[in-house]
Structure formats: structure tokens, C-alpha cells
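In what follows, a structure is listed as C-alpha cells, so that the remarks can point back to it.
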Amino acid sequence: MRYVMGFEQIDSANVGNVGGKGVHLGELSRIDGVRVPDGFCVTTDAFQRVVAEVPSIDAQLDLLSRVQPDDRAAIRALSADVRRVVEDVAMPGDLVAAIGESLARLGEQDAYAVRSSATAEDLPSASFAGQQDSYLNIVGLAEILRHVRRCWASLFTERAVTYRRRNGFDHRKVRMAVVVQRMVFPDAAGILFTADPVTSNRKIATVEAGWGLGEALVSGLVSGDVYAVRDDQVVTRTIATKPRIVRASPGGGTQDAPVEPQRQTQPALTDAQVVRLVRLGRRIEAYFGRPQDIEWCLAGDEFHIVQSRPITTLFPVPATDDQDNHLYVSVGHQQMMTDAMKPLGLSLWQLTTPRPMHEAGGRLFVDVAPVLATSAGRANLIGTLGRSDPLIRDALQTVVDRGDFLRLIPDEDAGPAPAGDAPAPIETDPAVVTELIRNNQTSVATLRREIQGLSGPALLDFIRTDIEELRRLLFDRRGFQVIMAGMEAAWWLNDQLEAWLGEKNAADVLTQSVPHNVTSEMGLALLDVADAVRPHAEVVAFLHRVADEGREGDGFLDELAGLPGGREARDAIRGYLDEYGMRCTGEIDITRTRWSEQPATLVPSILGNVRNFEPGAGKRRFEQGLQESLRKEEELLTRLRALPDGEQKADETKRMIDRVRTFAGYREYPKYGMVSRYFVYKQALLREADRLVQAGVLREKDDIFFLRFEELREVVRTGAVDAELILERREAFRSYEALTPPRVLTSDGEVVTGRYLRDDAPPGALVGLPVSAGTVEGRARVITDMARADLEAGDILVTTYTDPSWTPLFVSVAGLVTEVGGLMTHGAVIAREYGLPAVVGVEQATRLIRDGQRIRVRGTDGYVQILD
């Protein structure tokens with residue numbers, strides 16, 4: 001066992017011995033030109049040995065592991081007991097000798113900083129920064145030993161214990177090392193971020209600086225000077241008033257003292273020093289290969305680096321092989337899927353889509369810089385996105401207006417417009433839609449038949465070939481004509497009826513209960529399932545138990561058959577799954593669990609329908625929407641006929657109403673067809689994964705989800721896999737899950753945020769995009785997991801995003817608010833069809849609106865008011 005390691009002995013392989021902080025210091029000390037104060041680490045071996053010799057510690061850790069994370073009183077008492085035991089422990093003689101020898105080598109009477117370094121600290125997947133303690137200006141072996149024990153004990157502060165309980169970390173697995181580092185008594189100190197912590201721009205470094213020790217800034221005792229540096233130039237500076245300073249006390253420790261009045265407003269660093277510091281930071285960043293959060297001290301005219309850790313909150317930038325500027329737009333915000341995707345899901349989506357896509361943080365992005373380079377491209381893209389997502393439009397316009405990032409091509413150099421034709425006009429013929437749907441259904445049936453019995457390389461080759469059939473159907477020219485015709489008819493109705501009659505968003509009511517909308521039909525069909533369940537009390541009680549227990553798999557369906565009325569209920573659920581079981585939250589990622597794989601996901605929605613509706617509600621809801629649409633149509637036509645040229649206006653409007661009702665429903669079908677194919681692929685691939693596990697090639701079936709499609713093809717062909725690659729990707733995926741993807745991101749890493757350019761909302765209102773007309777008040781239900789939804793009639797659903805899998809909840813709610821969405825995205829389309837007032841694109845809605853609050857949704861005007 002090694003109880004002490006000098007910085008010079010430490011590298012990245014020693015994280016288990018010295019923790020994240022210790023490893024970073026060891027690595028920092030190897031970088032040419034970077035001054036790191038000397039020191040050593042008391043290793044986790046020392047911590048484990050000492051703790052193992054405390055007889056009462058096991059029982060106390062058992063108690064801590066069972067306490068609820070919200071039981072603050074219990075955590076406070078139990079953690080205090082553990083800390084007292086650890087602080088009072090007797091340290092073995094050989095450990096004391098090892099620490100004493102290292103101290104003597106550096107200078108026993110010098111002053112040191114003693115800092116904790118937990119083994120999980122400062123790692124990309126779970127930053128523990130600030131969870132444990134630091135002690136400054138500690139002098140003498142006895143005091144060093146006492147503060148080492150205090151650092152060990154800090155692993156069990158109330159805050160650290162609560163953090164671990166909430167994030168699922170085992171108290172026994174998080175071990176503690178301690179850094180002992182020679183003190184620097186600085187004139188100034190602070191923090192350097194090698195990327196802008198607000199915008200994430202990797203080209204801009206931010207320096208915070210104050211007098212004396214950096215603890216004054218870290219603790220919030222004072223605000224520091226702030227400098228922004230780009231390309232070796234200070235581009236902005238804010239000099240703060242710094243009335244207090246933390247400095248070393250003569251007897252050890254630190255003290256807070258006032259700063260002389262004339263010095264309070266003086267800059268702590270010169271511009272030249274700031275630039276020199278940033279150059280050091282860039283050297284450190286290059287060594288570690290990612291942006292860094294660096295603690296520094298200035299003594300005399302020398303900078304000393306006392307810590308560096310990765311900035312874990314930055315969203316990654318798509319990798320490129322050039323030095324050009326790129327501007328990325330999130331695919332997930334268009335597809336209503338902003339969660340991280342696994343590699344198999346990413347690669348299959350990229351094989352499906354015709355546009356080149358770039359990966360970052362488990363998400364997909366499209367580079368729009370080439371399109372924005374020309375005036376025609378800018379007008380088309382910004383205009384199109386302006387209708388669907390004003391926040392993306394404004395972000396793109398912001399970058400264009402700056403004039404310093406995108407290379408804009410003068411019109412005379414842009415060349416002729418692309419030769420592609422605009423979609424040809426299409427007759428308003430319902431038979432076109434029914435034929436498109438029939439062709440898709442026939443193709444999926446053929447796929448199911450032909451894929452049976454295939455395995456090995458033949459299966460992967462078959463799927464790769466069939467993706468071309470998927471693309472043919474998904475991007476069918478007539479299908480595109482139908483979708484565009486429906487959207488353009490809706491835009492025409494909204495624009496013309498507002499101009500002629502002052503009627504805002506008229507198409508919202510006119511598109512209720514349109515035919516052939518497979519997603520809205522899916523929501524109503526679950527009401528029919530509830531009708532099969534509702535009459536049978538034992539079935540209802542059993543399903544409540546299933547929901548409470550969070551059952552895995554579909555075994556509970558077989559159990560249903562033994563209950564009175566259970567066979568009918570089971571058959572109704574299975575019939576629903578046969579039609580819609582390929583759907584799930586985040587369904588564009590083939591790796592996500594489908595309803596057919598986890599039917600219990602639907603049980604809360606079924607029970608909500610049993611509770612909130614009377615028999616026959618599905619058919620009644622559709623008929624009510626249809627009648628409301630017809631009444632609105634008659635009212636609008638009557639009002640139009642009273643206008644000058646009224647008959648002509650009414651005839652045009654009638655043609656557009658017929659057009660939108662004929663075509664609007666089909667907009668949801670291509671994605672349904674795609675997801676249907678994805679599920680057939682997934683079932684076949686999981687059978688292949690079973691074979692690979694049995695052959696000892698894979699450890700688990702879901703290992704295939706962490707391979708790209710072509711990599712999986714090669715594994716199937718060769719029977720060999722890189723197990724380390726799968727482990728790395730699992731870890732990377734866990735880190736990506738914690739990130740929030742931006743709508744717009746530059747190749748500099750800057751997150752460009754857009755604004756709603758409106759002033760019509762009342763003070764305090766949360767502004768978004770109006771996508772479904774009407775106003776409703778009700779109780780907000782903030783829900784991020786459909787399987788945990790507990791809705792009552794009249795509730796307003798508030799969530800991050802909705803894709804088709806959320807539709808069953810729409811029948812129960814009175815309104816919708818989402819953080820992500822556009823005019824033609826799923827939530828908007830179904831909200832209009834069901835007649836639900838809806839506002840989407842409300843940033844941070846799930847944080848700003850509390851579950852249970854009463855809110856008002858103004859779907860016509862695009863804002864939400866919190867009423868209590």
C-alpha cells in the first residue's frame with residue numbers, strides 16, 4: 001500500500017489513489033511553463049485503512065445508506081456522528097511517518113493548503129466540486145494530520161451525504177484522498193475559464209480576479225474584476241469594487257480584512273497580465289484536450305496554478321476536419337426529441353435522413369452556414385424557421401447581423417438558383433391520402449414477412465438495403481406535396497381570415513377531427529381501451545397495483561386473463577399494442593423501449609381515462625371536434641359573404657378549408673410508417689444480439705445500442721467486438737444525458753439564444769409560440785415522464801417536449817405548455833386537432849412553473865400567466 005504520493009509520481013492512472021484533484025495536480029505539474037506549487041497526496045489507501053480500523057463505522061454507513069435524501073434531520077444527526085468518529089481517529093504510526101517524511105522533504109515549517117480529493121470528484125460524469133473541504137495556511141505536522149482527518153470527515157458533511165443519496169452514489173465507494181500543497185501567498189488570485197461560462201464560446205476566455213487569496217471570490221465575499229479575452233486581446237473588462245480581502249493569519253489559517261479605500265477600485269491585474277494568464281490557460285487546455293476551470297494565484301509577477309478541472313457544463317461542439325466557421329441547428333428541436341441518443345440510434349437516423357448531420361453530446365445538428373451564405377438561402381431558411389420556431393430564427397438572424405462569423409456571398413457571385421422545382425400543385429383528392437397510407441402499410445407488411453428467419457450478416461445486409469425503401473416512402477414526392485398543401489392551406493386561412501375578419505389562428509378550429517391523423521386516432525383509441533377495463537373492478541384494482549409496482553415486461557397481461565373481465569381487457573390492450581405498440585417517448589431513437597416491450601408504461605393513462613371519462617368518450621370526442629369545426633366553417637363563411645366581394649372570398653375560403661381537412665391528417669403518417677419499420681428492425685436486431693451474447697461475443701443484449709450500425713455489421717461478420725469501446729460509450733452517454741442541447745450552436749462552441757420579438761404579453765407572463773387557439777385556466781401538472789402521469793380532467797400539461805407517444809395524455813388535459821416545439825411539430829398538430837389551447841417554446845417552463853400551480857394558457861396570443 002502507498003500512503004503518500006508526490007505530485008511528480010501522479011498521472012491519470014492514479015485517480016483511484018489520489019482522486020480527481022490529486023490527478024489534475026500531478027498532470028499540471030508535467031506541463032512545460034506551468035508553475036504548480038509543490039505537494040503530495042495522502043492516498044485513498046490511507047483513508048481506507050484508517051476507516052476500516054474504526055469498529056463502529058460499518059453500522060453508521062448502513063444507517064446513512066437507508067436514510068431518505070429529503071430527511072434532513074436524520075442526515076444531519078447521522079452524518080455528524082460519522083464526522084466525529086473520523087476526526088477523532090488515531091492514525092497508525094507508519095502513516096504518520098510517511099506524511100512526516102514528505103513534509104520534511106518540502107519544508108516542515110512551511111505553510112500548506114490541505115484539500116480533500118474524493119475519487120469521484122471533478123470527473124466529467126459527476127462533478128463533485130465544492131462538496132468537500134479546503135484548509136489554508138496550515139503549519140506543522142500535528143496540524144497537517146488534524147486537517148487530513150478533517151478532510152476525511154468532510155466526506156460525510158450533511159451536504160455531501162445528501163448529494164450522494166440524491167445522485168445514487170454509494171457512501172462506501174466514494175473514497176477520500178487529501179492534497180497537501182505548499183501555500184502561495186498571492187497579491188491577487190482568482191479563476192480562469194478557458195471558454196465563456198455564459199455563452200460557451202471556446203474562443204473567449206474569462207478571467208475573474210480579486211486581491212489576496214482566491215477564497216474571497218469563491219465564497220462570494222467580494223465580486224471580482226472580470227475580463228474577457230479573445231485572440232490575445234482583452235475585449236471587455238469590468239473592474240469591481242473589492243472592499244474585502246482574505247489573507248493568511250500569522251498564527252495559521254486565514255482572516256478576512258478590509259482593503260484600503262484607494263485600492264478597492266484598482267484592477268487586480270493589468271491587461272498584459274490577463275493575456276499572459278490566458279495563454280497559460282490555453283496551454284493547460286491543450287494538454288487536457290478540453291476547456292478548463294483553472295484556479296490561479298499571482299505572487300510578484302509569477303502566476304501559480306493551484307488547480308484545474310474540466311468545465312462539465314459546456315455542450316460539446318461537433319467535430320470537423322477544417323478551420324471554417326460552422327453554424328449548427330439542433331435536429332432534436334425539430335423532431336421533438338432533445339434527449340441524448342445512443343450510437344445505434346444516431347447512426348440509423350443518419351442513414352434515414354437525406355441531409356448530412358453532425359453529432360455532438362449524443363444529439364444531431366445540421367450545419368446551415370452554407371445555406372445562410374446567400375441572400376436567397378437566408379430568406380428561405382430564416383423565413384421557414386420563423387414560422388416553426390421563432391427562437392431559432394432570431395438566433396440565426398443574430399449571427400447574420402453580427403457580420404463577423406459567416407462568410408456571406410454577394411448576390412452577383414451566388415450563381416443561379418438551384419434547379420429543383422417547387423412542389424407541383426395537387427388536387428384536393430382524399431384518394432391520394434388513402435393510397436399513400438395503403439402503400440406504406442403494404443410495404444411494412446412485406447418487410448415483416450421477408451425479415452423472418454434472417455440472421456448474421458444476411459440480416460444486417462437486408463436492413464441496410466431496406467432503409468432505402470424506408471427513405472423512398474418517407475420522402476415520397478406525392479407525400480411531400482400532400483403535407484405542404486395542408487400546411488399552406490392552414491397558413492392561407494390564418495393570414496386571410498385575420499386580414500378579412502380579424503380572426504386569429506382560425507385554422508386551429510377548422511382542423512379539429514380531420515380524417516387519417518394516425519396520432520390523434522391513437523389517443524382516442526386508448527379511450528376505447530379504458531371502456532374495456534372500466535366495468536371490471538378487479539381488473540382496475542390489478543392495474544393500479546401494476547402501476548404502483550412499475551412492472552417490467554408484458555407478463556401482467558397474461559395475469560389479467562384470470563380475472564373476471566380480464567380476458568376482454570387483455571385483448572383490448574393487446575389490440576392497441578398491435579396498432580400502436582411501436583411507439584414510445586423519443587421514438588426516433590431505435591434503442592428506446594417501445595410500448596410493446598413495456599406495456600405498463602400505458603397503464604397510468606388507461607387508469608386516468610377510466611377515472612376521467614364516461615363510456616364511449618373516444619367516439620364522442622371525435623364527433624364533438626368535427627361538429628365544432630363545421631360550425632366554425634359555417635360561421636366564417638357567413639361573415640365573409642357579408643363583406644365586399646364576399647361570395648368570392650367565401651368560395652376561396654371554402655376551397656382552402658376542404659383542402660386543409662383533406663390533407664392535414666396525413667402529416668403525422670410518414671413518421672408512423674418510419675417508426676413501424678424501426679420496430680421491425682429492432683426486434684430482429686435484438687434476436688441477433690441474443691445470439692451474440694450466447695456466443696460470448698457480447699456481455700449484454702443492449703451492448704448493440706452502443707455500436708453504430710456499420711460497427712454492428714462488422715461485429716456480426718467477424719464475431720469480435722471492442723468491449724472497451726462499448727464501456728467508453730456507455731460512460732459518455734451517461735454524461736450526455738445531463739446536458740441540455742442548444743437550439744443553435746457555433747463551431748466556436750457559442751450557444752446563441754434567440755428571443756421572442758414581441759411586446760404584447762403582460763408583465764410576468766412566460767412568452768412562447770401560439771400554436772393552438774383558445775384560453776384556459778387550470779392546475780399545472782409538470783410531467784417529464786409519461787409513465788408517472790397522474791392527470792385529472794381540466795389539468796394543464798407542462799413538459800419539456802411531446803412526441804406522438806404523449807398523445808394518450810392529451811385526451812385528459814385542458815391545455816398544453818412545452819419548452820420545445822414549433823407550429824407544425826407534433827404537440828401543436830394534436831393540440832389543434834383536439835381543440836386544446838397550447839403554447840410551445842416556453843423556455844424553462846418546467847422550472848418556472850411549479851407542479852400544482854394555477855396557470856392561464858393564452859393559446860391564441862402565445863403566453864402563459866402564473867395565477868398563484
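The chains in the C-alpha cells are called A, B, ... from first to last as shown; in each chain the residues are counted from 1, and the ligands are counted from 1 in the order shown.
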
Quiz item: If you run DSSP on the backbone, which residues of region 283-455 of chain A are strand (DSSP E or B), as a ChimeraX atom specification?
Solution: /A:292-299,302-310,327-330,358-360,363-367

Residues as selected, C-alpha atoms, written as a compact mmCIF listing (two decimals), in the first residue's frame, can you do that?
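The resulting file, result-v4.txt, is shown below:
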# COMPACT_ATOMS: atom_id res chain seq x y z
CA GLN A 292 -10.75 24.08 -18.21
CA ASP A 293 -11.81 25.83 -15.00
CA ILE A 294 -8.48 26.94 -13.51
CA GLU A 295 -7.63 28.36 -10.06
CA TRP A 296 -4.60 30.67 -10.14
CA CYS A 297 -2.52 32.89 -7.87
CA LEU A 298 -0.25 35.84 -8.73
CA ALA A 299 2.76 36.33 -6.45
CA GLU A 302 4.61 34.96 -11.41
CA PHE A 303 1.40 33.03 -11.96
CA HIS A 304 0.96 29.81 -9.99
CA ILE A 305 -1.72 27.28 -10.96
CA VAL A 306 -3.22 25.56 -7.92
CA GLN A 307 -6.00 23.57 -9.63
CA SER A 308 -7.57 22.82 -13.00
CA ARG A 309 -10.67 20.80 -13.77
CA PRO A 310 -12.84 20.28 -16.88
CA LEU A 327 -23.42 27.21 -37.61
CA TYR A 328 -25.36 24.25 -36.26
CA VAL A 329 -29.13 23.98 -35.79
CA SER A 330 -30.49 21.28 -33.47
CA HIS A 358 -23.21 16.27 -37.28
CA GLU A 359 -23.05 14.68 -33.84
CA ALA A 360 -22.32 16.32 -30.51
CA ARG A 363 -27.53 14.82 -30.40
CA LEU A 364 -27.69 15.64 -34.10
CA PHE A 365 -27.17 19.02 -35.76
CA VAL A 366 -27.35 20.40 -39.29
CA ASP A 367 -24.75 22.94 -40.44

Near-Gly646 (chain A) list (12 Å; only C-alpha atoms; drop same-chain fewer than 5 positions) as a compact mmCIF listing (two decimals) with N, CA, C and O atoms, in the first residue's frame:
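Here's the written file part17.txt:
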# COMPACT_ATOMS: atom_id res chain seq x y z
N TRP A 500 -59.20 39.64 -43.23
CA TRP A 500 -60.57 39.95 -43.63
C TRP A 500 -61.52 40.11 -42.45
O TRP A 500 -62.40 40.96 -42.44
N LEU A 501 -61.32 39.25 -41.40
CA LEU A 501 -62.31 39.22 -40.31
C LEU A 501 -61.71 39.53 -38.94
O LEU A 501 -62.46 39.59 -37.96
N LEU A 636 -67.73 31.37 -40.29
CA LEU A 636 -66.76 32.17 -41.03
C LEU A 636 -67.27 32.47 -42.44
O LEU A 636 -67.14 33.61 -42.93
N LEU A 637 -67.84 31.48 -43.11
CA LEU A 637 -68.35 31.70 -44.47
C LEU A 637 -69.49 32.71 -44.47
O LEU A 637 -69.59 33.56 -45.38
N THR A 638 -70.35 32.64 -43.45
CA THR A 638 -71.45 33.61 -43.35
C THR A 638 -70.91 35.02 -43.18
O THR A 638 -71.37 35.97 -43.83
N ARG A 639 -69.92 35.19 -42.31
CA ARG A 639 -69.34 36.52 -42.09
C ARG A 639 -68.64 37.03 -43.34
O ARG A 639 -68.67 38.21 -43.66
N LEU A 640 -67.98 36.12 -44.07
CA LEU A 640 -67.29 36.54 -45.29
C LEU A 640 -68.26 37.03 -46.35
O LEU A 640 -67.99 38.00 -47.07
N ARG A 641 -69.39 36.34 -46.47
CA ARG A 641 -70.35 36.72 -47.51
C ARG A 641 -70.91 38.12 -47.30
O ARG A 641 -71.40 38.75 -48.25
N ASP A 651 -65.95 31.58 -51.34
CA ASP A 651 -65.62 30.44 -52.20
C ASP A 651 -64.14 30.05 -52.05
O ASP A 651 -63.81 28.85 -51.93
N GLU A 652 -63.25 31.04 -52.05
CA GLU A 652 -61.82 30.74 -51.86
C GLU A 652 -61.58 30.07 -50.52
O GLU A 652 -60.82 29.11 -50.40
N THR A 653 -62.23 30.61 -49.49
CA THR A 653 -62.04 30.06 -48.14
C THR A 653 -62.57 28.64 -48.05
O THR A 653 -61.93 27.77 -47.44
N LYS A 654 -63.73 28.39 -48.65
CA LYS A 654 -64.29 27.03 -48.63
C LYS A 654 -63.33 26.05 -49.30
O LYS A 654 -63.11 24.93 -48.80

Practice problem: Apply DSSP to the backbone of this structure and, from region 308-431 of chain A, keep only the residues in alpha helix (DSSP H); write these as number ranges by chain. | Solution: A: 332-335, 343-352, 369-372, 375-388, 390-402, 430-431

Self-check item: Residues near region 607-609 of chain A, cut-off 7 Å, only C-alpha atoms, skip fewer than 2 positions along chain, as a PyMOL selection string
Solution: chain A and resi 527+530+603-605+611-613+790-791

Would you mind exporting the chosen residues as a tab-separated table (two decimals), in the first residue's frame, restricted to N, CA and C atoms?
chain	number	residue	atom	x	y	z
A	527	LEU	N	-58.95	5.61	-25.21
A	527	LEU	CA	-60.23	5.77	-24.52
A	527	LEU	C	-61.09	4.53	-24.71
A	530	ALA	N	-59.94	1.94	-22.31
A	530	ALA	CA	-60.50	2.21	-20.98
A	530	ALA	C	-61.92	1.69	-20.88
A	603	VAL	N	-50.29	2.00	-18.59
A	603	VAL	CA	-51.30	1.76	-17.56
A	603	VAL	C	-51.77	3.03	-16.86
A	604	PRO	N	-50.88	3.97	-16.47
A	604	PRO	CA	-51.40	5.20	-15.84
A	604	PRO	C	-52.36	5.96	-16.75
A	605	SER	N	-52.10	5.98	-18.06
A	605	SER	CA	-53.01	6.68	-18.97
A	605	SER	C	-54.35	5.95	-19.07
A	611	ARG	N	-60.89	6.83	-14.99
A	611	ARG	CA	-61.34	7.74	-13.93
A	611	ARG	C	-62.03	8.99	-14.48
A	612	ASN	N	-61.52	9.52	-15.58
A	612	ASN	CA	-61.93	10.85	-16.03
A	612	ASN	C	-63.02	10.87	-17.09
A	613	PHE	N	-63.35	9.70	-17.69
A	613	PHE	CA	-64.28	9.71	-18.82
A	613	PHE	C	-65.39	8.70	-18.65
A	790	ASP	N	-50.20	11.52	-13.61
A	790	ASP	CA	-51.43	11.33	-12.82
A	790	ASP	C	-52.28	12.57	-13.03
A	791	LEU	N	-53.12	12.51	-14.06
A	791	LEU	CA	-53.85	13.68	-14.52
A	791	LEU	C	-55.32	13.59	-14.16

Quiz item: Counting only C-alpha atoms, which of A:Pro644, A:Pro356, A:Pro197, A:Gly386 gets nearest to Ala228 (chain A)?
Solution: A:Pro197

Exercise. Within 9 Å of region 750-763 of chain A, counting only C-alpha atoms, which residues show up once you throw out same-chain ones fewer than 4 positions away? Write them as a PyMOL selection string, please.
Key: chain A and resi 196+198-203+315+317+390-399+742-746+767-769+861-865

Exercise. Do a neighbour search on Arg788 (chain A) at 12 Å with only C-alpha atoms, toss out local chain neighbours closer than 4 positions, and write the hits as a ChimeraX atom specification.
Key: /A:547-550,600-605,607-608,781-784,806,809

Those same residues - N, CA and C atoms - I'd like them written as a short mmCIF file (atom, residue, chain, number, x, y, z; two decimals), in the first residue's frame.
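As written to disk, result-v3.cif reads:
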data_model
loop_
_atom_site.label_atom_id
_atom_site.label_comp_id
_atom_site.auth_asym_id
_atom_site.auth_seq_id
_atom_site.Cartn_x
_atom_site.Cartn_y
_atom_site.Cartn_z
N ALA A 547 -49.31 -0.37 -11.87
CA ALA A 547 -48.76 0.99 -11.95
C ALA A 547 -47.89 1.30 -10.74
N ASP A 548 -48.35 0.91 -9.55
CA ASP A 548 -47.60 1.20 -8.32
C ASP A 548 -46.28 0.44 -8.27
N GLU A 549 -46.28 -0.77 -8.80
CA GLU A 549 -45.09 -1.63 -8.70
C GLU A 549 -44.09 -1.38 -9.83
N GLY A 550 -44.52 -0.65 -10.88
CA GLY A 550 -43.63 -0.41 -12.01
C GLY A 550 -43.19 -1.69 -12.69
N ALA A 600 -46.63 -1.65 -19.42
CA ALA A 600 -47.03 -0.98 -18.19
C ALA A 600 -46.89 0.54 -18.28
N THR A 601 -46.10 1.01 -19.25
CA THR A 601 -45.98 2.45 -19.47
C THR A 601 -47.35 3.09 -19.74
N LEU A 602 -48.25 2.33 -20.39
CA LEU A 602 -49.57 2.86 -20.75
C LEU A 602 -50.58 2.78 -19.62
N VAL A 603 -50.29 2.00 -18.59
CA VAL A 603 -51.30 1.76 -17.56
C VAL A 603 -51.77 3.03 -16.86
N PRO A 604 -50.88 3.97 -16.47
CA PRO A 604 -51.40 5.20 -15.84
C PRO A 604 -52.36 5.96 -16.75
N SER A 605 -52.10 5.98 -18.06
CA SER A 605 -53.01 6.68 -18.97
C SER A 605 -54.35 5.95 -19.07
N LEU A 607 -55.73 4.09 -16.75
CA LEU A 607 -56.44 4.33 -15.49
C LEU A 607 -56.96 5.76 -15.42
N GLY A 608 -56.18 6.72 -15.94
CA GLY A 608 -56.68 8.10 -15.97
C GLY A 608 -57.91 8.21 -16.83
N ARG A 781 -49.76 20.58 -14.32
CA ARG A 781 -49.12 19.31 -13.97
C ARG A 781 -47.80 19.23 -14.72
N VAL A 782 -46.71 19.43 -13.99
CA VAL A 782 -45.37 19.42 -14.58
C VAL A 782 -44.91 17.97 -14.62
N ILE A 783 -44.83 17.40 -15.83
CA ILE A 783 -44.57 15.96 -16.00
C ILE A 783 -43.43 15.80 -17.00
N THR A 784 -42.42 15.02 -16.61
CA THR A 784 -41.31 14.74 -17.53
C THR A 784 -41.24 13.27 -17.90
N TRP A 806 -46.87 10.92 -26.42
CA TRP A 806 -47.58 11.66 -25.37
C TRP A 806 -49.06 11.85 -25.68
N LEU A 809 -52.08 11.25 -23.35
CA LEU A 809 -52.33 12.19 -22.24
C LEU A 809 -53.16 13.38 -22.70
#

Quiz item: Closest to Ala73 (chain A) among A:Asp571, A:Glu158, A:Glu521, A:Glu498, using only C-alpha atoms?
Solution: A:Glu158

Self-check item: Who sits within 8 Å of region 486-497 of chain A, only C-alpha atoms, same chain under 3 positions skipped, as a list in words
Solution: Val482, Ile483, Trp500, Leu501, Gly502, Glu503, Lys504, Asn505, Ala506, Ala507, Thr653, Met656, Ile657, Arg659, Val660, Arg661, Thr662, Phe663 and Ala664 of chain A

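If you look at CA of Thr442 (chain A) and CA of Ala828 (chain A), they are 29.2 Å away from each other.
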
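Residue nearest Arg149 (chain A) within the list A:Asp88, A:Glu101, A:Glu469, A:Glu538: A:Asp88 [criterion: smallest interatomic distance, only C-alpha atoms].
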